[in-house]
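Comments concern the structure below.
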There are 2 protein chains.
Amino acid sequence: MEELNKQLDFIIELDRLKGVYRQALVKADKNRFENSAEHSWHISLTAQILHEYAVEKVNISRVMSMLLIHDIVEIDAGDMFAFSDEKDLAEQEDKEIAAANRLFGLLPEKQFQMFNQLWLEFEHAQTIDARFAKAMDRVLPLLQNMRNEGGSWAKHDLTKSQVIERNKYLEGLAPKLWSFVCAQIDLAVKNGWLRDA
Amino acid sequence: MEELNKQLDFIIELDRLKGVYRQALVKADKNRFENSAEHSWHISLTAQILHEYAVEKVNISRVMSMLLIHDIVEIDAGDMFAFSDEKDLAEQEDKEIAAANRLFGLLPEKQFQMFNQLWLEFEHAQTIDARFAKAMDRVLPLLQNMRNEGGSWAKHDLTKSQVIERNKYLEGLAPKLWSFVCAQIDLAVKNGWLRDA
């Protein structure tokens, strides 16, 4: 039963991700902040719906797994706004590596290795699967902000080039989605939700 | 672009599941009610971690997809407590079928068929994948209630036999998990969280 007890401890620990709040707002629930657990659900499904747009072969099962686990480190490290300054983002990276070791380390060794490697693959964003997963993590906030008068972009006075840079994984990998994203960003500038810089 | 627009409309519509609240409480976030989006995330990961206990071959990718979508119908039909009376549960079933048609119907035809069939497979719980998925949907509330002094069981004065009946998918399919669940239910009775009936 020792293995099972470790797995159940990890599963219960996951509950805490429901209390980690992001900058994104949930328009459908009185514009409260979104938590990282429901966000992970949303992008896993988004990946499943949109993976046909990738021009290279994506293993959707791996991508879904990556997206389901990609924010678990925030249980210890907290969420950091994507457009924070570079020093803060570098410190956050160290915190997240320690968090991955502690949290995935609750699992039996074989699953620890599997989840930790999958999370690192996502973070490094070198493989097709990881790049597609990253793209999904980034395209959803764009959709949310576009439906919410600029949402967190407008609130933090962001620029067009910052948002383009963040969504660039789509370029080449899913050209049709990339065209859509570029058009949305132009519209956001026109609407005054992003600065034209 | 018509296909993409349909898919994006569906993805945005999914946001509403974050505003559908269940009976379960999130202990890690001030004991607020849990919503169906974060619940879906949690059980999809639970399935990934525990599927090795199934004695028959489970297609974990299909199971994860099933669990990610299984509650989407609640966007229109709302959540109904699992132990409601039979007449209410039958009415809920009709509402959910209509909801599946409207919500998955937002997608292009091919994806509508795929998601609708996957959801129906889950509901009918005849295949190995669907039975394992159902078992995960039911074992997590048990874990949550055991960590929360009986949680929704104690609040609704439930009996041991009701909870056993609800978790029976594990019997035969994952005997080790079934033994664990039976032991937890006995402990809940001993602690006064479930009535011994």
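Letters A, B, ... go to the chains of the structure tokens in the order shown; residues in each chain start at 1; ligands are counted from 1 in the same order.
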
Mind checking DSSP for chain A and telling me the helix (DSSP H, G or I) residues as a PyMOL selection string? chain A and resi 2-19+27-29+36-53+60-69+74-77+86-104+109-124+128-146+151-155+160-167+170-173+175-190

Contact table chain A vs chain B, cut-off 6 Å, shortest pair per residue, only C-alpha atoms, as a tab-separated table:
```
residue	atom	partner	partner_atom	distance
A:Arg16	CA	B:Ala28	CA	5.1
A:Gly19	CA	B:Asp29	CA	5.0
A:Ala28	CA	B:Arg16	CA	5.0
A:Asp29	CA	B:Gly19	CA	4.9
A:Ala37	CA	B:Glu38	CA	5.2
A:Glu38	CA	B:Glu38	CA	4.2
A:Trp41	CA	B:Trp41	CA	4.8
A:Ser61	CA	B:Ser61	CA	5.4
```

Test item: residues at most 12 Å from B:Thr127, only C-alpha atoms, excluding those fewer than 5 positions along its chain, as a list of chain:residue names: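 Here the qualifying residues turn out to be B:Glu56, B:Lys57, B:Val58, B:Asn59, B:Arg62, B:Val63, B:Leu118, B:Leu120, B:Glu121, B:Phe122, B:Phe132, B:Ala133, B:Lys134, B:Tyr169, B:Leu173.
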
C-alpha atoms of the current selection, written as a PDB file, in the first residue's frame:
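Saved result, again07.pdb, follows:
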```pdb
ATOM      1  CA  GLU B  56      -7.833  -4.548 -17.677  1.00  0.00           C
ATOM      2  CA  LYS B  57      -6.150  -2.362 -20.302  1.00  0.00           C
ATOM      3  CA  VAL B  58      -7.259   1.266 -19.984  1.00  0.00           C
ATOM      4  CA  ASN B  59      -6.635   3.770 -22.804  1.00  0.00           C
ATOM      5  CA  ARG B  62      -9.359   8.467 -23.989  1.00  0.00           C
ATOM      6  CA  VAL B  63     -10.058   8.405 -20.250  1.00  0.00           C
ATOM      7  CA  LEU B 118     -17.279  10.211 -25.915  1.00  0.00           C
ATOM      8  CA  LEU B 120     -22.367   9.253 -24.105  1.00  0.00           C
ATOM      9  CA  GLU B 121     -19.811   6.480 -23.619  1.00  0.00           C
ATOM     10  CA  PHE B 122     -18.944   7.972 -20.236  1.00  0.00           C
ATOM     11  CA  PHE B 132     -12.518   3.581 -15.099  1.00  0.00           C
ATOM     12  CA  ALA B 133     -13.361   7.236 -15.794  1.00  0.00           C
ATOM     13  CA  LYS B 134     -16.563   6.958 -13.704  1.00  0.00           C
ATOM     14  CA  TYR B 169     -17.083   0.531 -10.591  1.00  0.00           C
ATOM     15  CA  LEU B 173     -11.737  -3.303 -12.360  1.00  0.00           C
TER      16      LEU B 173
END
```

What is the atom CA of A:Met66 to atom CA of B:Val139 distance in Å?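 A separation of 23.1 Å between them.
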
Extract the full set of strand (DSSP E) residues from chain A according to DSSP on the backbone, and format it as an mmCIF file with all heavy atoms, in the first residue's frame.
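What landed in states_9.cif:
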```cif
data_model
loop_
_atom_site.group_PDB
_atom_site.id
_atom_site.type_symbol
_atom_site.label_atom_id
_atom_site.label_comp_id
_atom_site.auth_asym_id
_atom_site.auth_seq_id
_atom_site.Cartn_x
_atom_site.Cartn_y
_atom_site.Cartn_z
ATOM 1 N N TYR A 21 -4.267 31.864 -7.578
ATOM 2 C CA TYR A 21 -5.002 32.732 -8.504
ATOM 3 C C TYR A 21 -4.078 33.470 -9.460
ATOM 4 O O TYR A 21 -2.980 33.869 -9.096
ATOM 5 C CB TYR A 21 -5.905 33.695 -7.715
ATOM 6 C CG TYR A 21 -7.071 32.935 -7.122
ATOM 7 C CD1 TYR A 21 -6.980 32.358 -5.849
ATOM 8 C CD2 TYR A 21 -8.229 32.724 -7.859
ATOM 9 C CE1 TYR A 21 -8.031 31.608 -5.324
ATOM 10 C CE2 TYR A 21 -9.291 31.983 -7.346
ATOM 11 C CZ TYR A 21 -9.185 31.433 -6.080
ATOM 12 O OH TYR A 21 -10.221 30.678 -5.571
ATOM 13 N N ARG A 22 -4.540 33.598 -10.709
ATOM 14 C CA ARG A 22 -3.798 34.219 -11.804
ATOM 15 C C ARG A 22 -4.321 35.626 -12.071
ATOM 16 O O ARG A 22 -5.282 36.052 -11.455
ATOM 17 C CB ARG A 22 -4.013 33.380 -13.069
ATOM 18 C CG ARG A 22 -3.603 31.946 -12.962
ATOM 19 C CD ARG A 22 -4.256 31.027 -14.005
ATOM 20 N NE ARG A 22 -4.484 31.633 -15.280
ATOM 21 C CZ ARG A 22 -3.582 31.747 -16.254
ATOM 22 N NH1 ARG A 22 -2.385 31.241 -16.080
ATOM 23 N NH2 ARG A 22 -3.863 32.338 -17.393
ATOM 24 N N GLN A 23 -3.700 36.299 -13.039
ATOM 25 C CA GLN A 23 -4.165 37.647 -13.402
ATOM 26 C C GLN A 23 -5.443 37.601 -14.244
ATOM 27 O O GLN A 23 -6.200 38.565 -14.274
ATOM 28 C CB GLN A 23 -3.074 38.369 -14.198
ATOM 29 C CG GLN A 23 -1.883 38.774 -13.352
ATOM 30 C CD GLN A 23 -2.226 39.848 -12.342
ATOM 31 O OE1 GLN A 23 -3.034 40.725 -12.586
ATOM 32 N NE2 GLN A 23 -1.623 39.753 -11.169
ATOM 33 N N ALA A 24 -5.667 36.483 -14.946
ATOM 34 C CA ALA A 24 -6.827 36.403 -15.844
ATOM 35 C C ALA A 24 -8.129 36.442 -15.046
ATOM 36 O O ALA A 24 -8.185 35.977 -13.904
ATOM 37 C CB ALA A 24 -6.752 35.118 -16.664
ATOM 38 N N LEU A 25 -9.146 36.996 -15.660
ATOM 39 C CA LEU A 25 -10.458 37.098 -15.020
ATOM 40 C C LEU A 25 -11.428 36.118 -15.678
ATOM 41 O O LEU A 25 -11.339 35.872 -16.884
ATOM 42 C CB LEU A 25 -11.000 38.521 -15.169
ATOM 43 C CG LEU A 25 -10.105 39.622 -14.584
ATOM 44 C CD1 LEU A 25 -10.629 41.003 -14.962
ATOM 45 C CD2 LEU A 25 -9.996 39.487 -13.061
ATOM 46 N N VAL A 26 -12.339 35.568 -14.877
ATOM 47 C CA VAL A 26 -13.375 34.686 -15.424
ATOM 48 C C VAL A 26 -14.631 35.519 -15.641
ATOM 49 O O VAL A 26 -15.388 35.804 -14.707
ATOM 50 C CB VAL A 26 -13.674 33.504 -14.472
ATOM 51 C CG1 VAL A 26 -14.735 32.580 -15.094
ATOM 52 C CG2 VAL A 26 -12.406 32.720 -14.166
ATOM 53 N N ARG A 32 -14.326 37.266 -11.430
ATOM 54 C CA ARG A 32 -13.374 36.924 -10.367
ATOM 55 C C ARG A 32 -12.061 36.475 -11.016
ATOM 56 O O ARG A 32 -12.012 36.185 -12.219
ATOM 57 C CB ARG A 32 -13.932 35.802 -9.471
ATOM 58 C CG ARG A 32 -14.105 34.490 -10.209
ATOM 59 C CD ARG A 32 -14.338 33.326 -9.253
ATOM 60 N NE ARG A 32 -14.650 32.115 -9.991
ATOM 61 C CZ ARG A 32 -13.759 31.299 -10.537
ATOM 62 N NH1 ARG A 32 -12.467 31.570 -10.462
ATOM 63 N NH2 ARG A 32 -14.128 30.211 -11.186
ATOM 64 N N PHE A 33 -10.969 36.399 -10.223
ATOM 65 C CA PHE A 33 -9.708 35.898 -10.766
ATOM 66 C C PHE A 33 -9.827 34.398 -11.065
ATOM 67 O O PHE A 33 -10.551 33.674 -10.385
ATOM 68 C CB PHE A 33 -8.550 36.144 -9.787
ATOM 69 C CG PHE A 33 -8.121 37.587 -9.762
ATOM 70 C CD1 PHE A 33 -8.377 38.394 -8.653
ATOM 71 C CD2 PHE A 33 -7.463 38.152 -10.853
ATOM 72 C CE1 PHE A 33 -7.990 39.730 -8.644
ATOM 73 C CE2 PHE A 33 -7.073 39.484 -10.842
ATOM 74 C CZ PHE A 33 -7.338 40.280 -9.738
ATOM 75 N N GLU A 34 -9.095 33.985 -12.082
ATOM 76 C CA GLU A 34 -9.077 32.576 -12.481
ATOM 77 C C GLU A 34 -8.009 31.836 -11.665
ATOM 78 O O GLU A 34 -6.938 32.386 -11.405
ATOM 79 C CB GLU A 34 -8.702 32.513 -13.964
ATOM 80 C CG GLU A 34 -8.730 31.119 -14.561
ATOM 81 C CD GLU A 34 -8.257 31.108 -16.018
ATOM 82 O OE1 GLU A 34 -7.262 31.783 -16.339
ATOM 83 O OE2 GLU A 34 -8.896 30.416 -16.832
ATOM 84 N N ASN A 35 -8.289 30.604 -11.260
ATOM 85 C CA ASN A 35 -7.242 29.843 -10.576
ATOM 86 C C ASN A 35 -6.531 28.911 -11.560
ATOM 87 O O ASN A 35 -7.023 28.642 -12.659
ATOM 88 C CB ASN A 35 -7.783 29.117 -9.327
ATOM 89 C CG ASN A 35 -8.675 27.938 -9.654
ATOM 90 O OD1 ASN A 35 -8.235 26.989 -10.309
ATOM 91 N ND2 ASN A 35 -9.925 27.984 -9.205
#
```

Interatomic distance, atom CA of A:Ala99 to atom CA of A:Ala77 (Å, one decimal): 6.4 Å

Selection: 7 Å around A:Ile185, only C-alpha atoms, excl. self and same-chain fewer than 4 positions, as a ChimeraX atom specification: /A:160,181,189

I need the residues from that last selection saved to file as a JSON list (two decimals), in the first residue's frame (with all heavy atoms), if you can.
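Done, and the output landed in selection09.json:
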```
[["chain", "number", "residue", "atom", "x", "y", "z"],
["A", 160, "LYS", "N", 1.90, 45.79, -27.97],
["A", 160, "LYS", "CA", 1.71, 44.83, -29.04],
["A", 160, "LYS", "C", 2.91, 43.86, -29.15],
["A", 160, "LYS", "O", 2.73, 42.64, -29.25],
["A", 160, "LYS", "CB", 1.53, 45.62, -30.34],
["A", 160, "LYS", "CG", 1.52, 44.81, -31.60],
["A", 160, "LYS", "CD", 1.28, 45.73, -32.82],
["A", 160, "LYS", "CE", 1.47, 44.95, -34.12],
["A", 160, "LYS", "NZ", 1.04, 45.73, -35.30],
["A", 181, "VAL", "N", -4.15, 35.04, -34.55],
["A", 181, "VAL", "CA", -3.61, 35.75, -33.38],
["A", 181, "VAL", "C", -3.12, 37.15, -33.79],
["A", 181, "VAL", "O", -3.39, 38.15, -33.11],
["A", 181, "VAL", "CB", -2.48, 34.92, -32.71],
["A", 181, "VAL", "CG1", -1.58, 35.78, -31.84],
["A", 181, "VAL", "CG2", -3.09, 33.77, -31.90],
["A", 189, "VAL", "N", -4.97, 46.62, -30.60],
["A", 189, "VAL", "CA", -4.31, 47.94, -30.70],
["A", 189, "VAL", "C", -5.33, 48.99, -31.14],
["A", 189, "VAL", "O", -5.44, 50.06, -30.55],
["A", 189, "VAL", "CB", -3.12, 47.87, -31.69],
["A", 189, "VAL", "CG1", -2.56, 49.28, -31.95],
["A", 189, "VAL", "CG2", -2.02, 46.96, -31.13]]
```

Might you pull out every residue within 12 Å of A:Ala98, with only C-alpha atoms counted and same-chain residues fewer than 4 positions away left off, and present them as a count of residues only? 15

From the list A:Ala82, A:Ala100, A:Ile128, A:Cys182, which residue is nearest A:Pro141 when using only C-alpha atoms?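 Ranked by minimum distance to A:Pro141, first place goes to A:Ala82.
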
When you draw a straight line from atom CA of A:Asn31 to atom CA of A:Asp71, how long is it in Å?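 Distance reported for this atom pair: 21.4 Å.
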
Counting only C-alpha atoms, what is within 8 Å of B:Arg138, bar same-chain residues fewer than 4 positions away, as a tab-separated table (two decimals) with all heavy atoms, in the first residue's frame?
```tsv
chain	number	residue	atom	x	y	z
B	134	LYS	N	-15.51	6.79	-14.73
B	134	LYS	CA	-16.56	6.96	-13.70
B	134	LYS	C	-15.98	6.73	-12.31
B	134	LYS	O	-16.28	7.46	-11.37
B	134	LYS	CB	-17.68	5.92	-13.91
B	134	LYS	CG	-18.67	6.29	-14.98
B	134	LYS	CD	-19.86	7.05	-14.39
B	134	LYS	CE	-20.82	7.41	-15.51
B	134	LYS	NZ	-21.79	8.44	-15.14
B	142	LEU	N	-14.62	10.98	-2.45
B	142	LEU	CA	-14.38	10.17	-1.25
B	142	LEU	C	-13.11	10.63	-0.53
B	142	LEU	O	-13.11	10.86	0.68
B	142	LEU	CB	-14.29	8.69	-1.65
B	142	LEU	CG	-13.97	7.68	-0.53
B	142	LEU	CD1	-14.82	6.42	-0.67
B	142	LEU	CD2	-12.49	7.28	-0.52
B	166	ARG	N	-22.12	3.78	-5.11
B	166	ARG	CA	-21.59	4.79	-6.02
B	166	ARG	C	-20.16	4.50	-6.48
B	166	ARG	O	-19.74	4.92	-7.55
B	166	ARG	CB	-21.66	6.15	-5.32
B	166	ARG	CG	-21.48	7.27	-6.28
B	166	ARG	CD	-22.06	8.56	-5.82
B	166	ARG	NE	-21.49	9.61	-6.64
B	166	ARG	CZ	-21.90	9.89	-7.87
B	166	ARG	NH1	-22.89	9.26	-8.40
B	166	ARG	NH2	-21.30	10.84	-8.57
B	167	ASN	N	-19.42	3.78	-5.65
B	167	ASN	CA	-18.02	3.51	-5.97
B	167	ASN	C	-17.77	2.11	-6.55
B	167	ASN	O	-16.63	1.72	-6.78
B	167	ASN	CB	-17.14	3.71	-4.73
B	167	ASN	CG	-16.87	5.19	-4.48
B	167	ASN	OD1	-15.96	5.77	-5.09
B	167	ASN	ND2	-17.67	5.83	-3.64
```
